[in-house]
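Dropping protein_33.txt in here (compact mmCIF, C-alpha atoms):
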```
# COMPACT_ATOMS: atom_id res chain seq x y z
CA MET A 1 -13.07 34.23 18.25
CA ILE A 2 -11.69 31.75 15.71
CA ARG A 3 -9.10 29.50 17.29
CA ARG A 4 -6.25 27.87 15.38
CA THR A 5 -4.30 24.68 16.05
CA ILE A 6 -1.80 22.25 14.60
CA ASP A 7 -2.36 19.64 17.34
CA LEU A 8 -3.75 16.46 15.80
CA SER A 9 -3.03 14.10 18.67
CA PRO A 10 -5.80 11.62 19.57
CA THR A 11 -6.61 13.64 22.69
CA ALA A 12 -6.86 16.87 20.72
CA ARG A 13 -9.05 15.33 18.02
CA ALA A 14 -11.32 13.79 20.65
CA GLY A 15 -11.84 17.27 22.13
CA PHE A 16 -13.89 18.37 19.12
CA ASP A 17 -17.50 17.43 18.48
CA ALA A 18 -16.75 16.98 14.76
CA ILE A 19 -13.91 17.37 12.27
CA LEU A 20 -15.34 19.16 9.24
CA ASP A 21 -13.43 18.72 5.99
CA VAL A 22 -14.66 21.43 3.62
CA ARG A 23 -12.67 20.27 0.59
CA SER A 24 -14.38 18.92 -2.52
CA PRO A 25 -15.75 15.36 -2.54
CA SER A 26 -12.94 14.05 -4.78
CA GLU A 27 -10.27 15.52 -2.49
CA PHE A 28 -12.01 13.93 0.50
CA ALA A 29 -12.29 10.55 -1.26
CA LEU A 30 -8.57 10.52 -2.02
CA ASP A 31 -7.68 10.90 1.66
CA HIS A 32 -9.05 12.41 4.84
CA ILE A 33 -8.73 12.27 8.59
CA PRO A 34 -10.63 9.10 9.56
CA GLY A 35 -13.92 10.09 11.15
CA ALA A 36 -14.05 13.50 9.45
CA ILE A 37 -17.30 14.72 7.86
CA ASN A 38 -17.17 16.10 4.33
CA LEU A 39 -19.07 19.41 4.03
CA PRO A 40 -17.64 20.90 0.83
CA VAL A 41 -17.90 24.65 0.35
CA LEU A 42 -17.24 24.02 -3.35
CA ASP A 43 -18.03 20.75 -5.09
CA ASP A 44 -15.74 19.28 -7.75
CA VAL A 45 -17.46 20.98 -10.68
CA GLU A 46 -17.60 24.36 -8.92
CA ARG A 47 -13.97 24.16 -7.85
CA ALA A 48 -12.85 23.39 -11.42
CA GLU A 49 -15.02 26.19 -12.79
CA ILE A 50 -13.67 28.81 -10.37
CA GLY A 51 -10.11 27.67 -10.88
CA THR A 52 -10.39 27.93 -14.65
CA LEU A 53 -11.98 31.37 -14.39
CA TYR A 54 -9.22 32.53 -12.03
CA VAL A 55 -6.42 31.42 -14.35
CA GLN A 56 -7.89 32.17 -17.77
CA SER A 57 -10.18 35.14 -17.29
CA SER A 58 -10.57 37.39 -14.26
CA LYS A 59 -9.30 36.90 -10.72
CA PHE A 60 -11.90 39.37 -9.45
CA LEU A 61 -14.76 37.61 -11.23
CA ALA A 62 -13.54 34.24 -9.97
CA ARG A 63 -13.53 35.52 -6.38
CA ARG A 64 -16.99 37.10 -6.68
CA ILE A 65 -18.63 34.07 -8.28
CA GLY A 66 -16.73 31.74 -5.97
CA ALA A 67 -17.86 33.68 -2.90
CA ALA A 68 -21.48 33.39 -4.00
CA LYS A 69 -21.18 29.64 -4.48
CA VAL A 70 -19.38 29.20 -1.16
CA ALA A 71 -22.07 31.21 0.63
CA ARG A 72 -24.87 29.12 -0.89
CA ASN A 73 -23.11 25.86 -0.01
CA ILE A 74 -22.43 26.93 3.59
CA ALA A 75 -26.08 27.95 3.91
CA ALA A 76 -27.13 24.51 2.65
CA HIS A 77 -24.92 22.82 5.27
CA LEU A 78 -26.37 25.04 8.02
CA ASP A 79 -29.88 24.03 6.95
CA GLY A 80 -28.85 20.40 6.48
CA ALA A 81 -26.04 18.51 8.22
CA LEU A 82 -25.55 21.18 10.90
CA LYS A 83 -29.15 22.17 11.60
CA ASP A 84 -29.45 20.19 14.85
CA ARG A 85 -26.20 21.41 16.42
CA ASP A 86 -26.72 23.58 19.50
CA GLY A 87 -24.64 26.49 20.77
CA SER A 88 -22.06 24.26 22.42
CA PHE A 89 -20.98 22.66 19.13
CA ARG A 90 -17.15 22.63 18.94
CA PRO A 91 -15.97 21.89 15.37
CA LEU A 92 -12.48 21.61 13.92
CA VAL A 93 -12.57 22.91 10.33
CA HIS A 94 -10.01 22.43 7.60
CA CYS A 95 -9.52 22.57 3.85
CA TRP A 96 -6.41 21.71 1.82
CA ARG A 97 -3.95 24.17 3.40
CA GLY A 98 -6.09 26.00 5.94
CA GLY A 99 -6.81 28.90 3.61
CA GLN A 100 -9.87 30.52 2.05
CA ARG A 101 -12.31 27.62 2.09
CA SER A 102 -11.89 26.75 5.76
CA GLY A 103 -11.64 30.47 6.56
CA ALA A 104 -15.05 31.11 4.98
CA MET A 105 -16.73 28.30 6.91
CA ALA A 106 -15.05 29.29 10.15
CA ALA A 107 -16.05 32.95 9.76
CA VAL A 108 -19.73 32.04 9.46
CA MET A 109 -19.53 29.60 12.37
CA ASP A 110 -17.82 32.20 14.52
CA GLN A 111 -20.59 34.70 13.78
CA ILE A 112 -23.18 32.10 14.76
CA GLY A 113 -21.39 31.73 18.08
CA TRP A 114 -19.91 28.28 17.76
CA PRO A 115 -16.40 27.91 19.30
CA VAL A 116 -14.77 26.98 16.00
CA THR A 117 -11.12 26.00 15.48
CA VAL A 118 -9.26 26.01 12.15
CA LEU A 119 -6.51 23.49 11.48
CA ASP A 120 -3.44 25.48 10.44
CA GLY A 121 -1.98 24.00 7.28
CA GLY A 122 -5.22 22.10 6.64
CA TYR A 123 -5.14 18.57 5.31
CA MET A 124 -1.43 18.90 4.57
CA THR A 125 -0.74 19.15 8.31
CA TRP A 126 -2.48 15.78 8.71
CA ARG A 127 -0.59 14.28 5.79
CA ARG A 128 2.79 15.35 7.19
CA THR A 129 1.84 13.82 10.55
CA VAL A 130 1.05 10.50 8.87
CA GLN A 131 4.20 10.51 6.78
CA THR A 132 6.42 11.28 9.77
CA ALA A 133 5.01 8.27 11.61
CA LEU A 134 4.94 5.79 8.73
CA TYR A 135 8.05 6.65 6.73
CA GLY A 136 10.70 6.17 9.42
CA ASP A 137 12.74 3.08 10.31
CA GLY A 138 10.05 1.44 12.44
CA ALA A 139 12.46 0.97 15.33
CA ASP A 140 9.75 1.76 17.88
CA ARG A 141 7.62 -1.26 16.95
CA GLN A 142 7.95 -4.82 18.27
CA VAL A 143 6.17 -6.84 15.60
CA VAL A 144 5.27 -10.53 15.57
CA LEU A 145 4.26 -12.02 12.22
CA LEU A 146 1.44 -14.54 11.96
CA ASP A 147 2.53 -16.73 9.06
CA GLY A 148 1.11 -19.77 7.34
CA GLY A 149 -0.10 -21.18 4.05
CA THR A 150 -3.17 -19.99 2.19
CA GLY A 151 -6.40 -20.98 3.94
CA SER A 152 -4.85 -21.44 7.38
CA GLY A 153 -7.16 -18.83 8.91
CA LYS A 154 -4.64 -16.10 9.66
CA THR A 155 -7.08 -13.20 9.33
CA ALA A 156 -9.74 -15.00 11.37
CA LEU A 157 -7.15 -15.75 14.04
CA LEU A 158 -6.11 -12.08 14.16
CA ALA A 159 -9.69 -11.14 15.07
CA ARG A 160 -9.73 -13.72 17.86
CA LEU A 161 -6.42 -12.46 19.22
CA ALA A 162 -7.82 -8.92 19.31
CA GLU A 163 -10.81 -10.17 21.31
CA ARG A 164 -8.33 -11.59 23.83
CA GLY A 165 -6.53 -8.30 24.31
CA VAL A 166 -3.59 -8.90 21.95
CA GLN A 167 -2.52 -5.88 19.91
CA VAL A 168 -3.18 -6.63 16.23
CA ILE A 169 -3.38 -4.74 12.95
CA ASP A 170 -5.48 -6.22 10.14
CA LEU A 171 -3.64 -4.86 7.10
CA GLU A 172 -5.98 -6.61 4.68
CA GLY A 173 -8.99 -5.05 6.37
CA LEU A 174 -7.45 -1.58 6.20
CA ALA A 175 -6.53 -2.12 2.53
CA ALA A 176 -9.93 -3.66 1.66
CA HIS A 177 -8.23 -6.61 -0.01
CA ARG A 178 -7.66 -10.21 1.03
CA GLY A 179 -4.13 -10.18 -0.26
CA SER A 180 -4.32 -12.95 -2.83
CA LEU A 181 -5.14 -13.51 -6.48
CA PHE A 182 -8.82 -13.62 -5.50
CA GLY A 183 -8.50 -10.92 -2.85
CA ALA A 184 -10.62 -8.12 -4.32
CA LEU A 185 -13.79 -7.44 -2.33
CA LYS A 186 -16.91 -7.31 -4.47
CA GLY A 187 -18.40 -3.83 -4.56
CA GLN A 188 -15.68 -2.43 -2.29
CA PRO A 189 -12.78 -0.74 -4.10
CA GLN A 190 -9.48 -0.35 -2.32
CA PRO A 191 -8.78 2.99 -0.67
CA SER A 192 -6.12 5.21 -2.17
CA GLN A 193 -2.58 4.69 -0.89
CA LYS A 194 -2.88 7.88 1.18
CA LEU A 195 -6.19 6.85 2.73
CA PHE A 196 -4.80 3.39 3.48
CA GLU A 197 -1.92 5.08 5.29
CA SER A 198 -4.28 7.37 7.21
CA ARG A 199 -6.29 4.37 8.39
CA LEU A 200 -3.11 2.54 9.37
CA PHE A 201 -1.78 5.57 11.25
CA VAL A 202 -4.97 5.86 13.32
CA ALA A 203 -4.92 2.12 14.05
CA LEU A 204 -1.29 2.31 15.21
CA GLU A 205 -1.49 5.47 17.28
CA GLY A 206 -3.80 3.84 19.81
CA LEU A 207 -1.42 0.96 20.52
CA ASP A 208 1.28 0.55 23.16
CA PRO A 209 4.69 0.40 21.40
CA GLY A 210 6.06 -1.48 24.41
CA ARG A 211 3.82 -4.47 23.75
CA PRO A 212 4.03 -6.90 20.79
CA LEU A 213 1.99 -6.07 17.72
CA VAL A 214 0.75 -9.05 15.70
CA VAL A 215 0.25 -8.62 11.97
CA GLU A 216 -0.30 -11.11 9.22
CA ALA A 217 2.80 -11.94 7.19
CA GLU A 218 2.17 -10.12 3.92
CA SER A 219 4.15 -9.18 0.87
CA SER A 220 4.95 -5.50 0.63
CA ARG A 221 1.83 -5.06 -1.51
CA ILE A 222 -1.76 -5.85 -0.56
CA GLY A 223 -3.62 -5.72 -3.82
CA ALA A 224 -2.63 -2.32 -5.22
CA ARG A 225 -1.59 -0.86 -1.87
CA THR A 226 1.92 -0.81 -0.39
CA VAL A 227 2.81 -1.34 3.27
CA PRO A 228 4.53 1.91 4.38
CA PRO A 229 8.30 1.78 5.05
CA ALA A 230 8.25 2.01 8.86
CA LEU A 231 5.92 -0.94 9.35
CA TRP A 232 7.55 -2.92 6.54
CA ALA A 233 10.96 -2.46 8.18
CA ALA A 234 9.56 -3.65 11.52
CA MET A 235 7.97 -6.65 9.80
CA GLY A 236 11.33 -7.49 8.26
CA ARG A 237 12.87 -7.76 11.74
CA ALA A 238 9.93 -9.62 13.27
CA SER A 239 9.81 -13.07 14.81
CA VAL A 240 7.20 -15.48 13.46
CA VAL A 241 4.38 -17.63 14.74
CA GLU A 242 3.71 -20.30 12.13
CA LEU A 243 0.18 -21.55 11.53
CA SER A 244 -0.35 -24.86 9.74
CA ALA A 245 -3.18 -27.18 8.71
CA PRO A 246 -3.68 -29.93 6.11
CA VAL A 247 -4.43 -28.95 2.52
CA ALA A 248 -7.95 -30.39 2.65
CA ALA A 249 -8.79 -28.38 5.76
CA ARG A 250 -7.41 -25.20 4.25
CA ALA A 251 -9.29 -25.79 1.00
CA ALA A 252 -12.58 -26.20 2.86
CA PHE A 253 -11.94 -23.00 4.82
CA SER A 254 -10.97 -21.08 1.66
CA ALA A 255 -14.14 -22.18 -0.10
CA ARG A 256 -16.16 -20.67 2.75
CA VAL A 257 -14.16 -17.43 2.96
CA TYR A 258 -14.24 -16.85 -0.79
CA ALA A 259 -17.89 -17.82 -1.23
CA ASP A 260 -18.64 -14.43 -2.78
CA ILE A 261 -16.19 -15.05 -5.62
CA ALA A 262 -17.22 -18.69 -5.93
CA ALA A 263 -20.78 -17.52 -6.54
CA ASP A 264 -19.60 -15.71 -9.69
CA PRO A 265 -17.96 -18.31 -11.99
CA SER A 266 -17.06 -15.71 -14.63
CA ALA A 267 -15.21 -13.57 -12.06
CA LEU A 268 -13.48 -16.66 -10.75
CA GLU A 269 -12.37 -17.66 -14.24
CA THR A 270 -11.19 -14.12 -14.95
CA ALA A 271 -9.06 -14.18 -11.80
CA LEU A 272 -7.45 -17.40 -12.97
CA THR A 273 -6.24 -15.64 -16.13
CA ARG A 274 -4.01 -13.50 -13.88
CA LEU A 275 -1.99 -16.48 -12.71
CA PRO A 276 1.78 -16.36 -13.30
CA PRO A 277 2.82 -17.75 -16.70
CA HIS A 278 4.88 -20.64 -15.30
CA HIS A 279 1.75 -22.79 -14.97
CA SER A 280 1.04 -24.88 -18.07
CA LYS A 281 -1.96 -24.11 -20.25
CA GLU A 282 -3.33 -27.56 -19.47
CA THR A 283 -3.12 -26.98 -15.72
CA VAL A 284 -4.84 -23.60 -15.91
CA ALA A 285 -7.49 -25.02 -18.24
CA GLY A 286 -8.20 -27.73 -15.67
CA TRP A 287 -8.60 -25.13 -12.93
CA LYS A 288 -10.96 -23.11 -15.13
CA THR A 289 -13.05 -26.22 -15.71
CA LEU A 290 -13.38 -26.71 -11.95
CA ALA A 291 -14.46 -23.08 -11.66
CA ARG A 292 -17.10 -23.40 -14.38
CA GLU A 293 -18.43 -26.57 -12.79
CA GLY A 294 -18.67 -24.94 -9.38
CA GLN A 295 -16.22 -27.36 -7.77
CA VAL A 296 -14.87 -24.63 -5.53
CA GLU A 297 -13.35 -26.79 -2.82
CA ALA A 298 -11.56 -28.99 -5.36
CA LEU A 299 -10.28 -25.85 -7.11
CA ALA A 300 -9.07 -24.42 -3.81
CA ALA A 301 -7.23 -27.64 -2.98
CA ALA A 302 -5.55 -27.71 -6.38
CA LEU A 303 -4.50 -24.06 -6.18
CA ILE A 304 -3.14 -24.48 -2.65
CA ALA A 305 -1.17 -27.61 -3.52
CA ASP A 306 0.19 -26.52 -6.89
CA HIS A 307 0.31 -22.71 -6.75
CA TYR A 308 0.20 -21.18 -3.27
CA ASP A 309 2.15 -23.73 -1.21
CA PRO A 310 5.12 -23.91 -3.62
CA ALA A 311 5.29 -20.11 -3.64
CA TYR A 312 5.04 -20.04 0.16
CA ARG A 313 7.89 -22.57 0.49
CA ARG A 314 10.09 -20.52 -1.86
CA MET A 315 9.47 -17.37 0.15
CA ALA A 316 10.05 -19.15 3.46
CA ALA A 317 13.38 -20.50 2.21
CA ARG A 318 14.58 -16.94 1.50
CA ARG A 319 13.55 -15.62 4.92
CA ASP A 320 15.68 -15.91 8.01
CA ARG A 321 13.32 -15.06 10.86
CA PRO A 322 13.27 -16.46 14.39
CA VAL A 323 10.30 -18.76 15.04
CA LEU A 324 8.52 -17.77 18.23
CA GLY A 325 6.01 -20.61 18.06
CA ARG A 326 4.08 -23.03 15.87
CA VAL A 327 0.33 -23.59 15.88
CA GLU A 328 -0.86 -26.81 14.26
CA MET A 329 -4.53 -27.39 13.49
CA ALA A 330 -6.21 -30.55 12.22
CA GLU A 331 -9.04 -28.45 10.80
CA VAL A 332 -9.67 -24.75 10.20
CA SER A 333 -12.94 -24.38 12.07
CA ASP A 334 -14.29 -21.83 14.54
CA GLY A 335 -13.50 -24.11 17.45
CA ALA A 336 -9.98 -24.86 16.25
CA LEU A 337 -9.27 -21.16 15.69
CA ASP A 338 -10.58 -20.32 19.17
CA ARG A 339 -8.29 -22.90 20.72
CA ALA A 340 -5.37 -21.72 18.61
CA ALA A 341 -5.97 -18.13 19.76
CA ASP A 342 -6.00 -19.17 23.42
CA ARG A 343 -2.73 -20.99 23.03
CA MET A 344 -1.16 -18.22 21.01
CA VAL A 345 -1.86 -15.75 23.81
CA ALA A 346 0.35 -17.93 26.01
CA THR A 347 2.99 -18.11 23.29
CA LEU A 348 3.11 -14.32 23.08
CA SER A 349 3.34 -13.78 26.83
CA PRO A 350 6.74 -12.66 28.19
CA GLN A 351 6.91 -15.74 30.41
CA THR A 352 6.73 -18.17 27.50
CA GLY A 353 10.00 -19.32 25.99
CA GLU A 354 10.71 -19.18 22.28
CA GLY A 355 10.15 -22.13 20.01
CA THR A 356 6.85 -23.15 21.60
CA SER A 357 4.81 -25.62 19.54
CA VAL A 358 1.10 -25.96 20.13
CA SER A 359 -1.58 -27.96 18.35
CA SER A 360 -5.30 -27.54 18.06
```

Can you dump the structure from the file as structure tokens?
Amino acid sequence: MIRRTIDLSPTARAGFDAILDVRSPSEFALDHIPGAINLPVLDDVERAEIGTLYVQSSKFLARRIGAAKVARNIAAHLDGALKDRDGSFRPLVHCWRGGQRSGAMAAVMDQIGWPVTVLDGGYMTWRRTVQTALYGDGADRQVVLLDGGTGSGKTALLARLAERGVQVIDLEGLAAHRGSLFGALKGQPQPSQKLFESRLFVALEGLDPGRPLVVEAESSRIGARTVPPALWAAMGRASVVELSAPVAARAAFSARVYADIAADPSALETALTRLPPHHSKETVAGWKTLAREGQVEALAAALIADHYDPAYRRMAARRDRPVLGRVEMAEVSDGALDRAADRMVATLSPQTGEGTSVSS
């Protein structure tokens, strides 16, 4: 018997041995339930071919040819990705709207004897779930922003806070972008906006809304991706922990973090061409010379002092957010970040008063 469900809660999803997304590879790449396995019953070329035949020629012929292709593809999955699954295998199957493609896969699985469940509404049920959670007013989230100038180790500190049991969300990690002019990750394109939101939804749903959530202070855009309205609204109401360190220390840290870009002088110089036009041609030319000469730390120091810090000060002047604490570091090293994380845990505890200042 083929079961049907619309329950996509974490508990419900965990009750299945696998979530099988039978849409085409391009549909899956655009967005999918994190952790799902793509077993397309029609690939992109086949789907386009059948669709064209259905619209322009014969609906009957499209169904007959489509059925043959679907049958061959399901057979290939049974002999491939699914060949080692025993009789207890409990899959959740879905396509775009829970229609013919998922129905075909589920029918075969049911005949095999697997206790298969079809997601009613398919992927669109998942998408509505994500939108409901991420497009509200964010009133259910108590957010604390980790703020500070470029190179102050905010992302590295987030990871240390997570290790200490603090609830954190790494927006840059989810968006596959480091959130700056040089933020693109080599060989790793950003996810689509929908997939970014799916990843964020899954990260948020496992957290306790009654406890503080620490996120890095970002603009509304991380590379080409936009922070969804609910979280952005909560960030706008958030208190702030400010992280600071001298320019030289931040430049040294930035040179290490961006070593991949520094190793490619042409990419580094190309990134510099995307700087805002208010910098003089002479200044930009000087920065490009540093890039060509491989003087990465000197370039980082110049950019921090003359580009990033002035922009940060302008943004800070426009914000009116309560300061929960300040963390001052003489250097941005592993040891300093560890000490800063330990002290920040105390700053975030309910027993600690606001306005705490700590140094590391």

message = Just want the 12 Å neighbourhood of stretch 36-48 of chain A, counted on all atoms listed in the file, with same-chain residues fewer than 5 positions away dropped. Output as a ChimeraX atom specification.
response = /A:13-14,16-29,31,53-56,62-63,65-78,80-82,91-96,100-106,108,123,126,198

- Which polymer residues have any atom within 10 Å of an atom of A:Val143, counting all atoms listed in the file, with same-chain residues fewer than 4 positions away left out, as a PyMOL selection string? chain A and resi 138+167-168+209+211-215+231-240

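Among the candidates A:Ala336, A:Ala259, A:Val202, A:Ala249, the residue lying nearest to A:Gly35 is A:Val202 (atoms considered: all atoms listed in the file).
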
Take atom CA of A:His177 and atom CA of A:Pro229 and report the distance between them in Å, one decimal.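 Answer for the atom CA of A:His177 to atom CA of A:Pro229 separation: 19.2 Å.
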
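With distances restricted to only C-alpha atoms, A:Pro246 is the closest residue to A:Ala305 from A:Leu275, A:Ala267, A:Pro246, A:Arg318.
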
Please determine, counting all atoms listed in the file, which residue among A:Pro228, A:Gly148, A:Gly187, A:Gly325 has the shortest atom-to-atom distance to A:Arg250.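 Answer, going by the shortest atom-to-atom distance: A:Gly148.
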
Let me make sure I understand: among A:Thr5, A:Ala230, A:Glu297, A:Gly99, which one has the smallest atom-to-atom distance to A:Ala139 if we use all atoms listed in the file?
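The shortest atom-to-atom distance to A:Ala139 comes from A:Ala230.
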
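If you count only C-alpha atoms and ignore residues fewer than 6 places along the chain from A:Thr226, what sits within 10 Å of it is Ala175, Gln193, Phe196, Glu197, Ser219, Ser220 and Trp232 of chain A.
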
Quick one: which stretch 219-331 of chain A residues come within 7 Å of stretch 150-154 of chain A, and what is the nearest atom pair for each with the distance in Å to one decimal, counting only C-alpha atoms, rows ordered by chain and ascending number, as a Markdown table?
```
| residue | atom | partner | partner_atom | distance |
| --- | --- | --- | --- | --- |
| A:Leu243 | CA | A:Ser152 | CA | 6.5 |
| A:Ser244 | CA | A:Ser152 | CA | 6.1 |
| A:Ala245 | CA | A:Ser152 | CA | 6.1 |
| A:Arg250 | CA | A:Gly151 | CA | 4.4 |
| A:Ala251 | CA | A:Gly151 | CA | 6.3 |
| A:Phe253 | CA | A:Gly151 | CA | 6.0 |
| A:Ser254 | CA | A:Gly151 | CA | 5.1 |
| A:Ile304 | CA | A:Thr150 | CA | 6.6 |
| A:Tyr308 | CA | A:Thr150 | CA | 6.5 |
```

What gap, in Å, lies between atom CA of A:Ile261 and atom CA of A:Arg199?
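Here the two named atoms are 25.9 Å from each other.
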
Quiz item: Using only C-alpha atoms, which of the listed residues (A:Lys59, A:Arg160, A:Arg3, A:Gln142) sits closest to A:Asp334?
Solution: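 Of A:Lys59, A:Arg160, A:Arg3, A:Gln142, the one nearest A:Asp334 is A:Arg160, counting only C-alpha atoms.
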
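Note that the spacing between atom CA of A:Val241 and atom CA of A:Ala302 amounts to 25.4 Å.
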
- A:Leu207, A:Leu181, A:Met344, A:Ala330: which is nearest A:Leu272, counting all atoms listed in the file?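 Of A:Leu207, A:Leu181, A:Met344, A:Ala330, the one nearest A:Leu272, counting all atoms listed in the file, is A:Leu181.
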
Please list as number ranges by chain every residue within 8 Å of stretch 156-159 of chain A, counting only C-alpha atoms and excluding residues in the same chain fewer than 6 positions away.
A: 168-170, 214-216, 337-338, 340-341

Q: Please check which residues have atoms at most 12 Å from (-11.6, -25.1, -5.7) in the file's coordinates, counting all atoms listed in the file, and write them as an MDAnalysis selection string.
A: chainID A and resid 151 182 247:248 250:259 261:263 265 268:269 272 286:306

Generate a file of the selected residues that holds C-alpha atoms, formatted as a compact mmCIF listing (two decimals), in the coordinates of the input.
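Result written to part.txt:
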```
# COMPACT_ATOMS: atom_id res chain seq x y z
CA GLY A 151 -6.40 -20.98 3.94
CA PHE A 182 -8.82 -13.62 -5.50
CA VAL A 247 -4.43 -28.95 2.52
CA ALA A 248 -7.95 -30.39 2.65
CA ARG A 250 -7.41 -25.20 4.25
CA ALA A 251 -9.29 -25.79 1.00
CA ALA A 252 -12.58 -26.20 2.86
CA PHE A 253 -11.94 -23.00 4.82
CA SER A 254 -10.97 -21.08 1.66
CA ALA A 255 -14.14 -22.18 -0.10
CA ARG A 256 -16.16 -20.67 2.75
CA VAL A 257 -14.16 -17.43 2.96
CA TYR A 258 -14.24 -16.85 -0.79
CA ALA A 259 -17.89 -17.82 -1.23
CA ILE A 261 -16.19 -15.05 -5.62
CA ALA A 262 -17.22 -18.69 -5.93
CA ALA A 263 -20.78 -17.52 -6.54
CA PRO A 265 -17.96 -18.31 -11.99
CA LEU A 268 -13.48 -16.66 -10.75
CA GLU A 269 -12.37 -17.66 -14.24
CA LEU A 272 -7.45 -17.40 -12.97
CA GLY A 286 -8.20 -27.73 -15.67
CA TRP A 287 -8.60 -25.13 -12.93
CA LYS A 288 -10.96 -23.11 -15.13
CA THR A 289 -13.05 -26.22 -15.71
CA LEU A 290 -13.38 -26.71 -11.95
CA ALA A 291 -14.46 -23.08 -11.66
CA ARG A 292 -17.10 -23.40 -14.38
CA GLU A 293 -18.43 -26.57 -12.79
CA GLY A 294 -18.67 -24.94 -9.38
CA GLN A 295 -16.22 -27.36 -7.77
CA VAL A 296 -14.87 -24.63 -5.53
CA GLU A 297 -13.35 -26.79 -2.82
CA ALA A 298 -11.56 -28.99 -5.36
CA LEU A 299 -10.28 -25.85 -7.11
CA ALA A 300 -9.07 -24.42 -3.81
CA ALA A 301 -7.23 -27.64 -2.98
CA ALA A 302 -5.55 -27.71 -6.38
CA LEU A 303 -4.50 -24.06 -6.18
CA ILE A 304 -3.14 -24.48 -2.65
CA ALA A 305 -1.17 -27.61 -3.52
CA ASP A 306 0.19 -26.52 -6.89
```
